[in-house]
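Data block for upload_38.txt (compact mmCIF, C-alpha atoms):
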```
# COMPACT_ATOMS: atom_id res chain seq x y z
CA MET A 1 -42.41 11.56 55.29
CA ASN A 2 -45.73 13.36 55.77
CA GLN A 3 -48.33 11.79 58.04
CA PRO A 4 -51.78 11.19 56.62
CA LYS A 5 -54.18 13.99 57.60
CA ASP A 6 -56.16 11.61 59.79
CA GLU A 7 -53.17 10.41 61.85
CA THR A 8 -53.51 13.07 64.56
CA LEU A 9 -57.17 12.19 64.96
CA ALA A 10 -56.32 8.47 65.02
CA GLN A 11 -54.04 9.06 68.01
CA GLU A 12 -56.92 10.40 70.11
CA THR A 13 -58.93 8.20 72.48
CA CYS A 14 -62.69 7.93 72.56
CA GLU A 15 -64.30 9.43 75.61
CA ALA A 16 -67.32 7.88 77.27
CA CYS A 17 -70.44 9.31 75.71
CA ARG A 18 -73.71 9.71 77.57
CA VAL A 19 -77.27 10.31 76.51
CA GLY A 20 -77.64 14.05 75.95
CA ALA A 21 -73.99 14.61 74.99
CA PRO A 22 -73.77 17.21 72.23
CA THR A 23 -73.39 16.13 68.64
CA VAL A 24 -70.63 17.77 66.60
CA SER A 25 -71.72 20.98 64.96
CA GLU A 26 -72.16 21.06 61.20
CA GLU A 27 -69.07 23.29 60.97
CA ASP A 28 -66.96 20.92 63.11
CA ALA A 29 -68.19 17.89 61.16
CA LYS A 30 -67.18 19.55 57.90
CA ALA A 31 -63.69 20.37 59.26
CA LEU A 32 -63.20 16.86 60.66
CA LEU A 33 -64.41 15.30 57.42
CA GLU A 34 -61.70 17.20 55.54
CA THR A 35 -59.13 15.04 57.39
CA LEU A 36 -61.00 11.88 56.31
CA PRO A 37 -61.24 12.10 52.52
CA ASP A 38 -62.51 8.53 52.05
CA TRP A 39 -65.50 9.10 54.33
CA ALA A 40 -68.88 10.68 53.69
CA ILE A 41 -71.76 11.66 55.92
CA GLU A 42 -75.02 9.93 55.04
CA VAL A 43 -78.30 10.41 56.85
CA VAL A 44 -80.14 7.15 57.58
CA ASP A 45 -83.56 7.33 59.25
CA GLY A 46 -82.78 10.91 60.26
CA VAL A 47 -79.43 9.99 61.85
CA PRO A 48 -76.16 11.26 60.30
CA GLN A 49 -73.53 8.53 59.97
CA LEU A 50 -69.93 8.42 58.77
CA VAL A 51 -69.63 5.89 55.94
CA ARG A 52 -66.73 4.38 54.03
CA SER A 53 -66.41 1.36 51.76
CA CYS A 54 -63.01 -0.31 51.53
CA PRO A 55 -62.16 -2.50 48.52
CA PHE A 56 -60.46 -5.89 48.92
CA PRO A 57 -59.22 -8.45 46.39
CA ASP A 58 -61.33 -11.27 47.85
CA PHE A 59 -63.73 -12.28 50.60
CA LEU A 60 -61.10 -13.54 53.06
CA SER A 61 -59.25 -10.22 52.98
CA ALA A 62 -62.54 -8.41 53.58
CA LEU A 63 -63.31 -10.78 56.45
CA ASP A 64 -59.89 -10.19 58.04
CA PHE A 65 -60.45 -6.42 57.89
CA THR A 66 -63.92 -6.85 59.42
CA ARG A 67 -62.37 -8.77 62.32
CA GLU A 68 -59.75 -6.04 62.83
CA VAL A 69 -62.40 -3.30 62.88
CA GLY A 70 -64.44 -5.42 65.28
CA GLU A 71 -61.49 -5.80 67.65
CA LEU A 72 -60.80 -2.06 67.44
CA ALA A 73 -64.45 -1.31 68.22
CA GLU A 74 -64.55 -3.68 71.17
CA SER A 75 -61.36 -2.23 72.65
CA ALA A 76 -62.84 1.29 72.45
CA GLY A 77 -66.32 0.31 73.58
CA HIS A 78 -67.71 2.00 70.47
CA HIS A 79 -69.30 -0.18 67.81
CA PRO A 80 -70.04 0.50 64.12
CA ALA A 81 -72.30 -1.17 61.61
CA ILE A 82 -70.15 -3.32 59.33
CA LEU A 83 -71.26 -4.92 56.06
CA THR A 84 -68.82 -7.52 54.72
CA GLU A 85 -69.17 -8.57 51.09
CA TRP A 86 -66.96 -10.23 48.50
CA GLY A 87 -64.33 -7.60 47.73
CA LYS A 88 -65.74 -4.84 49.92
CA VAL A 89 -66.38 -3.83 53.53
CA THR A 90 -68.65 -0.91 54.37
CA VAL A 91 -68.21 0.66 57.82
CA ARG A 92 -70.67 3.09 59.42
CA TRP A 93 -69.82 5.03 62.57
CA TRP A 94 -72.32 7.05 64.61
CA THR A 95 -73.15 7.38 68.26
CA HIS A 96 -76.32 5.49 69.05
CA LYS A 97 -76.88 7.18 72.44
CA ILE A 98 -77.12 10.65 70.89
CA LYS A 99 -78.55 9.57 67.52
CA GLY A 100 -75.89 11.50 65.67
CA LEU A 101 -72.20 12.16 65.22
CA HIS A 102 -69.80 12.75 68.10
CA ARG A 103 -66.07 13.44 67.87
CA ASN A 104 -65.61 9.77 68.86
CA ASP A 105 -67.03 8.72 65.48
CA PHE A 106 -64.42 10.73 63.62
CA ILE A 107 -61.67 9.31 65.85
CA MET A 108 -62.86 5.77 65.10
CA ALA A 109 -63.09 6.54 61.38
CA ALA A 110 -59.45 7.69 61.46
CA LYS A 111 -58.47 4.51 63.31
CA THR A 112 -60.37 2.50 60.69
CA ASP A 113 -58.38 4.28 57.98
CA ARG A 114 -55.17 3.29 59.77
CA LEU A 115 -56.27 -0.38 59.62
CA ALA A 116 -57.21 -0.05 55.94
CA ARG A 117 -53.72 1.17 54.98
```
Take the structure from the file and write it as structure tokens.
Amino acid sequence: MNQPKDETLAQETCEACRVGAPTVSEEDAKALLETLPDWAIEVVDGVPQLVRSCPFPDFLSALDFTREVGELAESAGHHPAILTEWGKVTVRWWTHKIKGLHRNDFIMAAKTDRLAR
């Protein structure tokens, strides 16, 4: 059975990010995004963010997923914005310290995809 494209990325570990760390290049972001077909890059207040909305059949399922993403984030020390609604959860990953996208954000997006499956 073929692995999802994002599985290799999901097996990586976030590295500690510091102020001044480089953001991913536009070329690298495009290549990484190709492995994450359910994600898009949106710019909010001048800051690029990885965004995905996941559908759910009801609020409790959405809430359970939110908790799982929260536990994942806490274990990695890297925290997204999460909007939980009836039937949908929207997750946004970006690196606050560098006001942009780092490889860590793509790793966490792939791990989020793993939870969504």
Would you compute, for all listed atoms of region 100-107 of chain A, the axis-aligned bounding box grown by 4 Å on each side, and then report its centre and edge lengths in Å rounded to one decimal, as lines of an AutoDock Vina configuration file?
```
center_x = -68.8
center_y = 11.1
center_z = 66.2
size_x = 22.2
size_y = 12.7
size_z = 13.2
```
Starting from the point (-61.1, 17.4, 61.7), work out which residues of protein, DNA or RNA have an atom no more than 9 Å away when counting all atoms listed in the file; state them as a ChimeraX atom specification.
/A:5-6,9,28-36,103,106
What is the CA of Glu42 (chain A) to CA of Thr23 (chain A) distance in Å?
15.0 Å
Close residues, Ala16 (chain A) itself excluded, 10 Å, all atoms listed in the file, min 3 positions apart in chain, as a ChimeraX atom specification
/A:13,21,76-78,104
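If only C-alpha atoms are the atoms counted, then among A:Arg67, A:His79, A:Arg18, A:Lys99 the closest residue to Gln49 (chain A) is A:Lys99.
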From A:Ile82, A:Ile98, A:Ala10, A:Val43, residue lying nearest Gly70 (chain A) [only C-alpha atoms]
A:Ile82
Quick one: of A:Arg117, A:Arg52, A:Lys111, A:His102, who's nearest to Gly20 (chain A), counting all atoms listed in the file?
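Counting all atoms listed in the file, the residue closest to Gly20 (chain A) is A:His102.
CA of Val19 (chain A) lies 9.7 Å from CA of Thr95 (chain A).
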